[in-house]
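Single-structure report; data block below.
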Amino acid sequence: MNSIPLKSTEQLAAQREAGRLLAQVFARLDEWVQPGVNTMQLNDWVEQYIRDELKARPASKGQYDYPYVLNSSLNEVVCHGMPKAVDILRDGDILNLDITLEKHGLIADSSKMYLIGQVAPAAKRLVDVTYQALWQGIAQVKPDNRLGDIAAAVQRHAEQAGYSVVREFCGHGVGVQMHEEPQVLHYGAAGSGLALKPGMVFTIEPMINQGDRRVKTKSDGWTVVTKDKKLSAQWEHTVAVTEHGVEVLTLRAEEQSMLELLP
């Protein structure tokens, strides 16, 4: 517990503002993401929007020497996809955009899946089940529940649908630093792991594969893909443990109805 930062009221207010602004980035991306656009264009548009319009900092750029403001993970890319001018969005693609934003010294982290044009039913199902798994995990966030409760809920939902959970990457604490304690796994046993306490802020970000869970990293040192070349999907939110449950700091406008499903 001593290594896990508990956010003060002031810190949580700043992180809430960062999350609100990050939700606005995705609202703008809803207009920009379409067939014919390339992922480097999306990167450049997001950087301009965050810096010039939101007066905030894109926190991923320069972190661990990463040169861009977002990760763009297409189809079989599990995570950490690098934007490229040659990656032109095409009808039938599925795309994850993962973005971090810092405001007033605090960071929020979120990702969203986009369906490009007419997407095959099997691809849409993967994206939908992954989103449901995210919210199954969020529903377990409340004081004195355990990290294992989040993990088990995500894993159960994904595997019952016939998918696999990537194990090499996980959620994480976030705040002054992009990556803080604790690590938040997406597989595991209910009732295990660290007990949740008010003031903890972390991400839940399941990566769910259509086929085998095994992954490999490409020669660029960043891009992680499925070994079997089948599709992968990911959604992510930054959440805070409150006295009574959970606050989704990066909640987007279209997700308000999801709060009604929380206990």
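Each chain in the structure tokens gets a letter, A, B and so on, in the order shown; residues start at 1 in every chain, and ligands are counted from 1 in the order they appear.
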
Give one line per residue of stretch 187-251 of chain A that approaches stretch 128-152 of chain A to at most 12 Å, naming the two atoms of the closest pair and their distance in Å to one decimal, counting only C-alpha atoms; sort by chain then ascending residue number and deliver it as a tab-separated table.
residue	atom	partner	partner_atom	distance
A:Tyr187	CA	A:Ala151	CA	4.4
A:Gly188	CA	A:Ala152	CA	5.1
A:Ala189	CA	A:Gly148	CA	5.3
A:Ala190	CA	A:Asp149	CA	4.2
A:Gly191	CA	A:Gly148	CA	5.6
A:Ser192	CA	A:Gly148	CA	4.7
A:Gly193	CA	A:Leu147	CA	5.3
A:Leu194	CA	A:Arg146	CA	5.4
A:Ala195	CA	A:Arg146	CA	4.4
A:Leu196	CA	A:Pro143	CA	5.1
A:Lys197	CA	A:Pro143	CA	5.1
A:Pro198	CA	A:Pro143	CA	6.2
A:Gly199	CA	A:Pro143	CA	9.7
A:Met200	CA	A:Pro143	CA	9.7
A:Val201	CA	A:Val141	CA	10.4
A:Phe202	CA	A:Val141	CA	10.3
A:Thr203	CA	A:Ile138	CA	9.5
A:Ile204	CA	A:Leu134	CA	6.8
A:Glu205	CA	A:Leu134	CA	6.8
A:Pro206	CA	A:Leu134	CA	6.3
A:Met207	CA	A:Thr130	CA	7.5
A:Ile208	CA	A:Thr130	CA	6.2
A:Asn209	CA	A:Thr130	CA	9.1
A:Gln210	CA	A:Thr130	CA	10.2
A:Leu231	CA	A:Thr130	CA	11.8
A:Ser232	CA	A:Thr130	CA	9.2
A:Ala233	CA	A:Thr130	CA	6.5
A:Gln234	CA	A:Thr130	CA	6.4
A:Trp235	CA	A:Tyr131	CA	6.0
A:Glu236	CA	A:Leu134	CA	7.2
A:His237	CA	A:Leu134	CA	8.2
A:Thr238	CA	A:Ile138	CA	9.7
A:Val239	CA	A:Ile138	CA	7.7
A:Ala240	CA	A:Val141	CA	8.3
A:Val241	CA	A:Lys142	CA	5.9
A:Thr242	CA	A:Lys142	CA	6.9
A:Glu243	CA	A:Pro143	CA	6.6
A:His244	CA	A:Lys142	CA	6.5
A:Gly245	CA	A:Lys142	CA	4.0
A:Val246	CA	A:Val141	CA	5.6
A:Glu247	CA	A:Val141	CA	8.9
A:Val248	CA	A:Ile138	CA	8.3
A:Leu249	CA	A:Ile138	CA	11.6
A:Leu251	CA	A:Trp135	CA	11.5

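By chain and then residue number, the residues within 10 Å of A:Ile99 are A:Leu22, A:Val25, A:Phe26, A:Asn43, A:Val46, A:Pro58, A:Ala59, A:Ser60, A:Lys61, A:Tyr68, A:Val69, A:Leu70, A:Asn71, A:Ser72, A:Asn96, A:Leu97, A:Leu101, A:Ala108, A:Asp109, A:Ser110, A:Ser111, A:Lys112, A:Glu236, counting only C-alpha atoms and disregarding those fewer than 2 positions away in sequence.
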
Writing out the chosen residues with C-alpha atoms as a PDB file, in the first residue's frame:
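What landed in selection17.pdb:
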ATOM      1  CA  LEU A  22      -9.508  13.518 -23.126  1.00  0.00           C
ATOM      2  CA  VAL A  25     -10.450  14.427 -27.960  1.00  0.00           C
ATOM      3  CA  PHE A  26     -12.350  11.239 -28.707  1.00  0.00           C
ATOM      4  CA  ASN A  43      -1.840  11.673 -34.795  1.00  0.00           C
ATOM      5  CA  VAL A  46      -4.842  15.080 -32.161  1.00  0.00           C
ATOM      6  CA  PRO A  58      -0.127  14.981 -24.985  1.00  0.00           C
ATOM      7  CA  ALA A  59       1.572  12.870 -22.341  1.00  0.00           C
ATOM      8  CA  SER A  60       2.612   9.934 -24.531  1.00  0.00           C
ATOM      9  CA  LYS A  61       4.926  11.957 -26.765  1.00  0.00           C
ATOM     10  CA  TYR A  68       3.962  10.259 -31.275  1.00  0.00           C
ATOM     11  CA  VAL A  69       0.951  11.426 -29.281  1.00  0.00           C
ATOM     12  CA  LEU A  70      -1.147   8.302 -29.749  1.00  0.00           C
ATOM     13  CA  ASN A  71      -1.014   4.583 -30.414  1.00  0.00           C
ATOM     14  CA  SER A  72      -2.973   3.430 -33.466  1.00  0.00           C
ATOM     15  CA  ASN A  96      -7.862   1.206 -31.458  1.00  0.00           C
ATOM     16  CA  LEU A  97      -6.692   4.724 -30.618  1.00  0.00           C
ATOM     17  CA  LEU A 101      -3.405  13.751 -21.768  1.00  0.00           C
ATOM     18  CA  ALA A 108      -5.640  10.631 -17.825  1.00  0.00           C
ATOM     19  CA  ASP A 109      -5.398   7.618 -20.138  1.00  0.00           C
ATOM     20  CA  SER A 110      -8.077   6.125 -22.387  1.00  0.00           C
ATOM     21  CA  SER A 111      -8.577   4.201 -25.602  1.00  0.00           C
ATOM     22  CA  LYS A 112     -11.491   3.588 -27.923  1.00  0.00           C
ATOM     23  CA  GLU A 236      -9.571   1.602 -21.787  1.00  0.00           C
TER      24      GLU A 236
END

List every residue of stretch 44-167 of chain A that DSSP, applied to the backbone, labels as strand (DSSP E), and write the result as a VMD selection string. chain A and resid 57 to 58 70 to 74 77 to 79 94 to 103 106 to 115 164 to 165

Sel. of helix (DSSP H, G or I) residues, stretch 12-242 of chain A, as a PyMOL selection string: chain A and resi 12-32+39-53+63-65+121-138+147-160

From the set A:Gly36, A:Pro263, A:Gly211, A:Gly62, which residue has the shortest atom-to-atom contact distance to A:Glu159, counting only C-alpha atoms? A:Gly211

Between A:Asp98, A:Asp228, A:Glu180, A:Glu10, which one has atoms that come closest to A:Gly81, using only C-alpha atoms? A:Asp98

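The shortest atom-to-atom distance to A:Ala120, with only C-alpha atoms taken into account, belongs to A:Asp91 out of A:Asp52, A:Glu17, A:Asp30, A:Asp91.
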
Quick one: residues within 10 Å of A:Leu21, only C-alpha atoms counted, chain neighbours fewer than 3 positions away excluded, as a VMD selection string? chain A and resid 15 to 18 24 to 27 50 54 to 56 101 to 103 108 250 252

In Å, with one decimal, what is the gap from atom CA of A:Thr226 to atom CA of A:Ser164? 10.9 Å

For A:Gln41, please output as number ranges by chain all residues within 10 Å (counting only C-alpha atoms; exclusion window: fewer than 2 positions along the same chain). A: 32-33, 37-39, 43-47, 83-85, 87-88

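If you look at atom CA of A:Glu181 and atom CA of A:Met258, they are 26.7 Å away from each other.
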
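Nearest to A:Lys216 of all the residues A:His80, A:His157, A:Arg90, A:Arg57 is A:His80, counting only C-alpha atoms.
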
Could you give me, as a Markdown table, every stretch 116-229 of chain A residue with an atom at most 12 Å from stretch 64-67 of chain A, plus its closest atom pair and distance in Å to one decimal, counting only C-alpha atoms, rows ordered by chain then number?
| residue | atom | partner | partner_atom | distance |
| --- | --- | --- | --- | --- |
| A:Met178 | CA | A:Tyr64 | CA | 10.6 |
| A:His179 | CA | A:Tyr64 | CA | 11.1 |
| A:Asp220 | CA | A:Tyr66 | CA | 11.1 |
| A:Gly221 | CA | A:Tyr66 | CA | 10.4 |
| A:Trp222 | CA | A:Tyr66 | CA | 8.7 |
| A:Thr223 | CA | A:Tyr66 | CA | 11.5 |

Those same residues, written as a PDB file, in the first residue's frame with N, CA, C and O atoms?
ATOM      1  N   MET A 178       2.638   8.572 -15.822  1.00  0.00           N
ATOM      2  CA  MET A 178       1.747   7.786 -16.680  1.00  0.00           C
ATOM      3  C   MET A 178       1.558   6.375 -16.141  1.00  0.00           C
ATOM      4  O   MET A 178       0.467   5.809 -16.227  1.00  0.00           O
ATOM      5  N   HIS A 179       2.643   5.806 -15.604  1.00  0.00           N
ATOM      6  CA  HIS A 179       2.571   4.455 -15.064  1.00  0.00           C
ATOM      7  C   HIS A 179       2.966   4.480 -13.591  1.00  0.00           C
ATOM      8  O   HIS A 179       4.111   4.769 -13.252  1.00  0.00           O
ATOM      9  N   ASP A 220      10.049  -2.847 -34.962  1.00  0.00           N
ATOM     10  CA  ASP A 220      10.146  -1.442 -34.554  1.00  0.00           C
ATOM     11  C   ASP A 220      10.280  -1.295 -33.041  1.00  0.00           C
ATOM     12  O   ASP A 220      10.516  -0.191 -32.531  1.00  0.00           O
ATOM     13  N   GLY A 221      10.120  -2.399 -32.307  1.00  0.00           N
ATOM     14  CA  GLY A 221      10.268  -2.373 -30.863  1.00  0.00           C
ATOM     15  C   GLY A 221       9.037  -1.921 -30.113  1.00  0.00           C
ATOM     16  O   GLY A 221       9.024  -1.920 -28.879  1.00  0.00           O
ATOM     17  N   TRP A 222       7.986  -1.554 -30.831  1.00  0.00           N
ATOM     18  CA  TRP A 222       6.767  -1.048 -30.216  1.00  0.00           C
ATOM     19  C   TRP A 222       5.537  -1.891 -30.559  1.00  0.00           C
ATOM     20  O   TRP A 222       4.799  -2.308 -29.679  1.00  0.00           O
ATOM     21  N   THR A 223       5.311  -2.120 -31.841  1.00  0.00           N
ATOM     22  CA  THR A 223       4.054  -2.684 -32.307  1.00  0.00           C
ATOM     23  C   THR A 223       3.912  -4.141 -31.888  1.00  0.00           C
ATOM     24  O   THR A 223       4.728  -4.994 -32.255  1.00  0.00           O
TER      25      THR A 223
END

Can you measure atom CA of A:Gly117 to atom CA of A:Glu53 for me? One decimal in Å is fine. 28.5 Å
